[in-house]
>>> print(open('data-v8.csv').read())   # CSV, C-alpha atoms
chain,number,residue,atom,x,y,z
N,102,ASP,CA,-39.2,-6.0,-7.5
N,103,ALA,CA,-35.7,-5.2,-8.7
N,104,LYS,CA,-34.9,-5.2,-12.4
N,105,THR,CA,-32.4,-7.5,-13.9
N,106,THR,CA,-30.0,-7.1,-16.9
N,107,GLN,CA,-28.8,-10.0,-19.0
N,108,PRO,CA,-26.9,-10.0,-22.3
N,109,PRO,CA,-29.2,-11.0,-25.2
N,110,SER,CA,-27.3,-14.1,-26.1
N,111,MET,CA,-24.2,-16.3,-25.7
N,112,ASP,CA,-23.0,-19.7,-26.8
N,113,CYS,CA,-20.8,-22.4,-25.5
N,114,ALA,CA,-19.4,-25.8,-26.7
N,115,GLU,CA,-21.1,-29.0,-25.7
N,116,GLY,CA,-19.5,-30.5,-22.6
N,117,ARG,CA,-18.1,-27.2,-21.4
N,118,ALA,CA,-19.5,-25.1,-18.6
N,119,ALA,CA,-21.9,-22.4,-19.5
N,120,ASN,CA,-21.7,-19.3,-17.2
N,121,LEU,CA,-24.8,-17.1,-17.6
N,122,PRO,CA,-24.4,-13.7,-16.0
N,123,CYS,CA,-27.1,-11.5,-14.5
N,124,ASN,CA,-26.9,-8.0,-13.0
N,125,HIS,CA,-29.4,-6.9,-10.4
N,126,SER,CA,-27.7,-3.8,-8.9
N,127,THR,CA,-30.9,-2.5,-7.3
N,128,ILE,CA,-31.7,-5.7,-5.4
N,129,SER,CA,-32.9,-5.2,-1.9
N,130,GLY,CA,-32.2,-7.3,1.2
N,131,ASN,CA,-35.3,-9.5,1.0
N,132,GLU,CA,-35.3,-10.2,-2.7
N,133,TYR,CA,-34.4,-13.6,-4.0
N,134,VAL,CA,-32.7,-14.4,-7.3
N,135,TYR,CA,-34.5,-17.0,-9.4
N,136,TRP,CA,-33.5,-18.6,-12.7
N,137,TYR,CA,-35.9,-20.2,-15.1
N,138,ARG,CA,-35.3,-21.5,-18.6
N,139,GLN,CA,-37.6,-21.8,-21.6
N,140,ILE,CA,-37.0,-24.3,-24.4
N,141,HIS,CA,-38.6,-23.2,-27.6
N,142,SER,CA,-42.4,-23.3,-27.6
N,143,GLN,CA,-42.6,-24.7,-24.1
N,144,GLY,CA,-43.4,-23.3,-20.7
N,145,PRO,CA,-40.6,-22.0,-18.6
N,146,GLN,CA,-39.0,-24.5,-16.2
N,147,TYR,CA,-37.7,-23.6,-12.7
N,148,ILE,CA,-34.0,-24.1,-12.3
N,149,ILE,CA,-32.8,-22.7,-9.0
N,150,HIS,CA,-33.1,-19.8,-6.6
N,151,GLY,CA,-31.1,-18.2,-3.9
N,152,LEU,CA,-30.9,-15.3,-1.4
N,153,LYS,CA,-27.3,-14.8,-0.3
N,154,ASN,CA,-25.5,-18.1,-0.3
N,155,ASN,CA,-24.4,-20.0,-3.4
N,156,GLU,CA,-26.8,-22.8,-4.3
N,157,THR,CA,-26.4,-26.1,-6.2
N,158,ASN,CA,-28.9,-28.6,-7.4
N,159,GLU,CA,-29.0,-31.4,-9.9
N,160,MET,CA,-29.5,-28.9,-12.8
N,161,ALA,CA,-27.2,-26.0,-12.0
N,162,SER,CA,-25.2,-23.9,-9.6
N,163,LEU,CA,-26.1,-20.3,-8.6
N,164,ILE,CA,-23.3,-18.0,-7.6
N,165,ILE,CA,-24.4,-14.7,-6.0
N,166,THR,CA,-21.8,-12.0,-5.4
N,167,GLU,CA,-21.2,-10.9,-1.8
N,168,ASP,CA,-22.9,-7.5,-2.5
N,169,ARG,CA,-25.7,-9.4,-4.2
N,170,LYS,CA,-25.6,-7.0,-7.2
N,171,SER,CA,-25.0,-9.8,-9.7
N,172,SER,CA,-25.2,-13.5,-10.0
N,173,THR,CA,-24.1,-16.3,-12.4
N,174,LEU,CA,-25.9,-19.4,-13.3
N,175,ILE,CA,-23.5,-22.3,-14.1
N,176,LEU,CA,-24.5,-25.3,-16.1
N,177,PRO,CA,-21.4,-27.5,-15.5
N,178,HIS,CA,-21.5,-29.7,-18.6
N,179,ALA,CA,-23.7,-28.1,-21.2
N,180,THR,CA,-25.5,-30.4,-23.6
N,181,LEU,CA,-27.4,-29.6,-26.8
N,182,ARG,CA,-30.7,-29.9,-24.8
N,183,ASP,CA,-29.6,-26.9,-22.7
N,184,THR,CA,-30.2,-24.6,-25.7
N,185,ALA,CA,-32.9,-22.3,-24.4
N,186,VAL,CA,-33.8,-18.9,-23.2
N,187,TYR,CA,-32.7,-18.4,-19.6
N,188,TYR,CA,-34.5,-15.8,-17.4
N,189,CYS,CA,-33.0,-14.2,-14.3
N,190,ILE,CA,-35.6,-12.8,-12.0
N,191,VAL,CA,-35.5,-11.1,-8.6
N,192,ARG,CA,-38.4,-10.9,-6.3
N,193,THR,CA,-39.5,-10.7,-2.8
N,194,GLY,CA,-41.1,-13.7,-1.1
N,195,ALA,CA,-44.7,-14.4,-0.5
N,196,ASN,CA,-47.4,-12.7,-2.6
N,197,SER,CA,-44.9,-11.4,-5.1
N,198,LYS,CA,-45.4,-12.2,-8.7
N,199,LEU,CA,-42.6,-13.3,-11.1
N,200,THR,CA,-41.8,-10.8,-13.9
N,201,PHE,CA,-40.0,-12.3,-16.9
N,202,GLY,CA,-37.8,-10.1,-19.1
N,203,LYS,CA,-36.3,-11.1,-22.4
N,204,GLY,CA,-33.7,-13.4,-20.9
N,205,ILE,CA,-30.5,-14.6,-22.4
N,206,THR,CA,-30.5,-17.1,-25.3
N,207,LEU,CA,-28.0,-19.8,-24.8
N,208,SER,CA,-26.9,-21.8,-27.8
N,209,VAL,CA,-24.9,-24.9,-27.2
N,210,ARG,CA,-22.9,-25.9,-30.2
N,211,PRO,CA,-21.7,-29.5,-31.0
L,36,ASP,CA,-48.3,-37.5,-12.2
L,37,GLY,CA,-49.1,-34.1,-10.9
L,38,GLY,CA,-48.9,-31.3,-13.3
L,39,ILE,CA,-50.6,-28.4,-15.1
L,40,THR,CA,-52.4,-29.0,-18.3
L,41,GLN,CA,-53.3,-26.4,-20.9
L,42,SER,CA,-55.6,-27.1,-23.8
L,43,PRO,CA,-55.7,-27.0,-26.7
L,44,LYS,CA,-52.1,-26.6,-27.8
L,45,TYR,CA,-53.1,-24.7,-30.9
L,46,LEU,CA,-56.2,-22.7,-31.4
L,47,PHE,CA,-57.5,-20.7,-34.4
L,48,ARG,CA,-60.3,-18.2,-34.2
L,49,LYS,CA,-61.8,-15.6,-36.4
L,50,GLU,CA,-61.5,-12.0,-35.5
L,51,GLY,CA,-64.3,-10.7,-33.3
L,52,GLN,CA,-64.9,-14.1,-31.6
L,53,ASN,CA,-64.3,-14.7,-27.9
L,54,VAL,CA,-62.2,-17.7,-27.1
L,55,THR,CA,-61.6,-19.5,-23.8
L,56,LEU,CA,-58.2,-21.2,-23.0
L,57,SER,CA,-58.3,-24.0,-20.4
L,58,CYS,CA,-55.8,-24.4,-17.6
L,59,GLU,CA,-56.1,-27.2,-15.0
L,60,GLN,CA,-53.7,-28.3,-12.3
L,61,ASN,CA,-53.7,-31.2,-9.9
L,62,LEU,CA,-50.8,-30.0,-7.8
L,63,ASN,CA,-53.0,-28.6,-5.1
L,64,HIS,CA,-51.5,-25.2,-5.7
L,65,ASP,CA,-53.2,-22.2,-4.3
L,66,ALA,CA,-52.1,-19.6,-6.8
L,67,MET,CA,-52.5,-19.6,-10.6
L,68,TYR,CA,-51.3,-17.2,-13.3
L,69,TRP,CA,-51.8,-16.4,-16.9
L,70,TYR,CA,-49.0,-14.9,-19.0
L,71,ARG,CA,-48.8,-13.8,-22.6
L,72,GLN,CA,-45.7,-14.2,-24.8
L,73,ASP,CA,-45.1,-12.5,-28.1
L,74,PRO,CA,-42.2,-13.6,-30.5
L,75,GLY,CA,-38.8,-12.7,-29.1
L,76,GLN,CA,-40.3,-11.2,-26.0
L,77,GLY,CA,-40.5,-12.1,-22.3
L,78,LEU,CA,-43.6,-13.1,-20.5
L,79,ARG,CA,-46.2,-10.5,-19.5
L,80,LEU,CA,-48.7,-11.1,-16.7
L,81,ILE,CA,-52.3,-11.0,-17.7
L,82,TYR,CA,-54.2,-12.1,-14.5
L,83,TYR,CA,-53.4,-14.0,-11.4
L,84,SER,CA,-55.4,-15.7,-8.6
L,85,GLN,CA,-54.1,-16.5,-5.1
L,86,ILE,CA,-57.3,-18.2,-3.8
L,87,VAL,CA,-60.5,-19.5,-5.1
L,88,ASN,CA,-63.1,-16.9,-6.1
L,89,ASP,CA,-60.5,-14.1,-6.1
L,90,PHE,CA,-58.3,-12.8,-8.9
L,91,GLN,CA,-56.3,-9.7,-9.7
L,92,LYS,CA,-55.3,-7.9,-12.9
L,93,GLY,CA,-51.8,-8.2,-14.0
L,94,ASP,CA,-49.9,-5.8,-16.3
L,95,ILE,CA,-51.9,-6.4,-19.5
L,96,ALA,CA,-55.5,-7.4,-18.4
L,97,GLU,CA,-57.4,-5.3,-20.9
L,98,GLY,CA,-59.4,-7.5,-23.3
L,99,TYR,CA,-59.1,-10.6,-21.1
L,100,SER,CA,-61.3,-12.1,-18.4
L,101,VAL,CA,-60.8,-15.0,-16.0
L,102,SER,CA,-62.7,-17.0,-13.3
L,103,ARG,CA,-61.5,-19.1,-10.4
L,104,GLU,CA,-64.5,-21.2,-9.3
L,105,LYS,CA,-62.4,-24.2,-8.4
L,106,LYS,CA,-58.9,-24.5,-7.0
L,107,GLU,CA,-57.8,-26.7,-9.9
L,108,SER,CA,-59.0,-24.5,-12.8
L,109,PHE,CA,-58.3,-21.0,-14.0
L,110,PRO,CA,-59.7,-20.5,-17.5
L,111,LEU,CA,-58.8,-17.4,-19.5
L,112,THR,CA,-61.2,-15.8,-22.0
L,113,VAL,CA,-59.7,-13.7,-24.8
L,114,THR,CA,-62.5,-11.3,-25.7
L,115,SER,CA,-63.1,-9.4,-28.9
L,116,ALA,CA,-61.9,-6.3,-27.1
L,117,GLN,CA,-58.3,-7.6,-27.1
L,118,LYS,CA,-56.7,-5.7,-30.0
L,119,ASN,CA,-53.9,-8.1,-30.8
L,120,PRO,CA,-54.8,-11.5,-29.4
L,121,THR,CA,-52.5,-13.7,-31.5
L,122,ALA,CA,-49.8,-14.9,-29.1
L,123,PHE,CA,-48.5,-17.8,-27.0
L,124,TYR,CA,-50.4,-18.1,-23.7
L,125,LEU,CA,-48.9,-19.7,-20.6
L,126,CYS,CA,-50.6,-20.7,-17.4
L,127,ALA,CA,-48.6,-21.3,-14.2
L,128,SER,CA,-49.4,-22.3,-10.6
L,129,SER,CA,-47.5,-22.1,-7.3
L,130,ILE,CA,-47.8,-23.0,-3.7
L,131,GLY,CA,-49.1,-20.2,-1.6
L,132,ASP,CA,-45.6,-19.5,-0.4
L,133,ILE,CA,-44.1,-18.9,-3.7
L,134,LEU,CA,-40.4,-19.2,-2.7
L,135,TYR,CA,-40.6,-22.6,-4.4
L,136,GLY,CA,-41.2,-21.1,-7.8
L,137,TYR,CA,-43.8,-21.7,-10.5
L,138,THR,CA,-44.9,-24.7,-12.5
L,139,PHE,CA,-45.8,-23.8,-16.0
L,140,GLY,CA,-48.1,-25.6,-18.5
L,141,SER,CA,-46.9,-26.2,-22.0
L,142,GLY,CA,-48.8,-23.3,-23.5
L,143,THR,CA,-51.6,-22.6,-26.0
L,144,ARG,CA,-50.7,-20.9,-29.2
L,145,LEU,CA,-53.7,-18.7,-30.3
L,146,THR,CA,-53.9,-17.4,-33.8
L,147,VAL,CA,-56.7,-15.0,-34.8
L,148,VAL,CA,-57.4,-14.6,-38.4
>>> encode(input="data-v8.csv", output="structure tokens")
Amino acid sequence: DAKTTQPPSMDCAEGRAANLPCNHSTISGNEYVYWYRQIHSQGPQYIIHGLKNNETNEMASLIITEDRKSSTLILPHATLRDTAVYYCIVRTGANSKLTFGKGITLSVRP
Amino acid sequence: DGGITQSPKYLFRKEGQNVTLSCEQNLNHDAMYWYRQDPGQGLRLIYYSQIVNDFQKGDIAEGYSVSREKKESFPLTVTSAQKNPTAFYLCASSIGDILYGYTFGSGTRLTVV
């Protein structure tokens, strides 16, 4: 599976959009981009995943560049409860395990 | 409600003792996984199982053992051979076609003194 690079941390103001970047320059054609988040001392929670097209669900939007070498997770209206570590993962489909790096720590300030 | 349950939430053991961490899921998921997390670090895969009675080593299997006798259960034993067992342990499960992602338990924090 391709490796990902995320900045170690970022912050944003409550109510504003949080844009979390991820680089995956070695991604191959059949690898999906997944995002999970982990609130302190809890298990990670699935947020969203995508292959080529942008995706949106009730939690977030995922924007994948046309060359697929990077992506951005967007939390449209960040709240204090969104403070967590966010993991960007790329992997192939069936029978491929998830590998979690250190992620990016998002701090939402009042 | 369907989910994945890890117990206990906190566990203390003396050095040299084996300890078993429980993981049960009622999601009817085929695959189950054990991860270890150290402070400020990502998750590292210990063992995983894609079907009953079968499991494979992950990246850091030394000093750990697992069994998968039932679809719902995937217990992890931390043996005395594990040099640094104090950590946060997370269990996860997924449908066979894992495009839909993993469901994680709430974790067990193991402290060995």
>>> interface_residues(input="data-v8.csv", of="chain N", to="chain L", cutoff="12 Å", atoms="all atoms listed in the file", output="count of residues only")
45
>>> closest_residue(input="data-v8.csv", among="L:Gln117, L:Ser129, L:Gln91, L:Gln41", to="His64 in chain L", atoms="only C-alpha atoms")
L:Ser129
>>> atom_distance(input="data-v8.csv", atom1="CA of Trp69 in chain L", atom2="CA of Ala185 in chain N")
21.2 Å
>>> closest_residue(input="data-v8.csv", among="L:Ile86, L:Val148, L:Ala122, L:Ala116", to="Asn53 in chain L", atoms="only C-alpha atoms")
L:Ala116
>>> atom_distance(input="data-v8.csv", atom1="CA of Asn124 in chain N", atom2="CA of Arg182 in chain N")
25.2 Å
>>> residues_around(input="data-v8.csv", residues="Gly37 in chain L", least_positions_apart="2", cutoff="10 Å", atoms="all atoms listed in the file", output="VMD selection string")
chain L and resid 39 to 40 60 to 63
>>> atom_distance(input="data-v8.csv", atom1="CA of Thr105 in chain N", atom2="CA of Ile81 in chain L")
20.6 Å
>>> closest_residue(input="data-v8.csv", among="L:Leu56, L:Ala96, L:Val113, L:Ser108", to="Ser42 in chain L", atoms="all atoms listed in the file")
L:Leu56
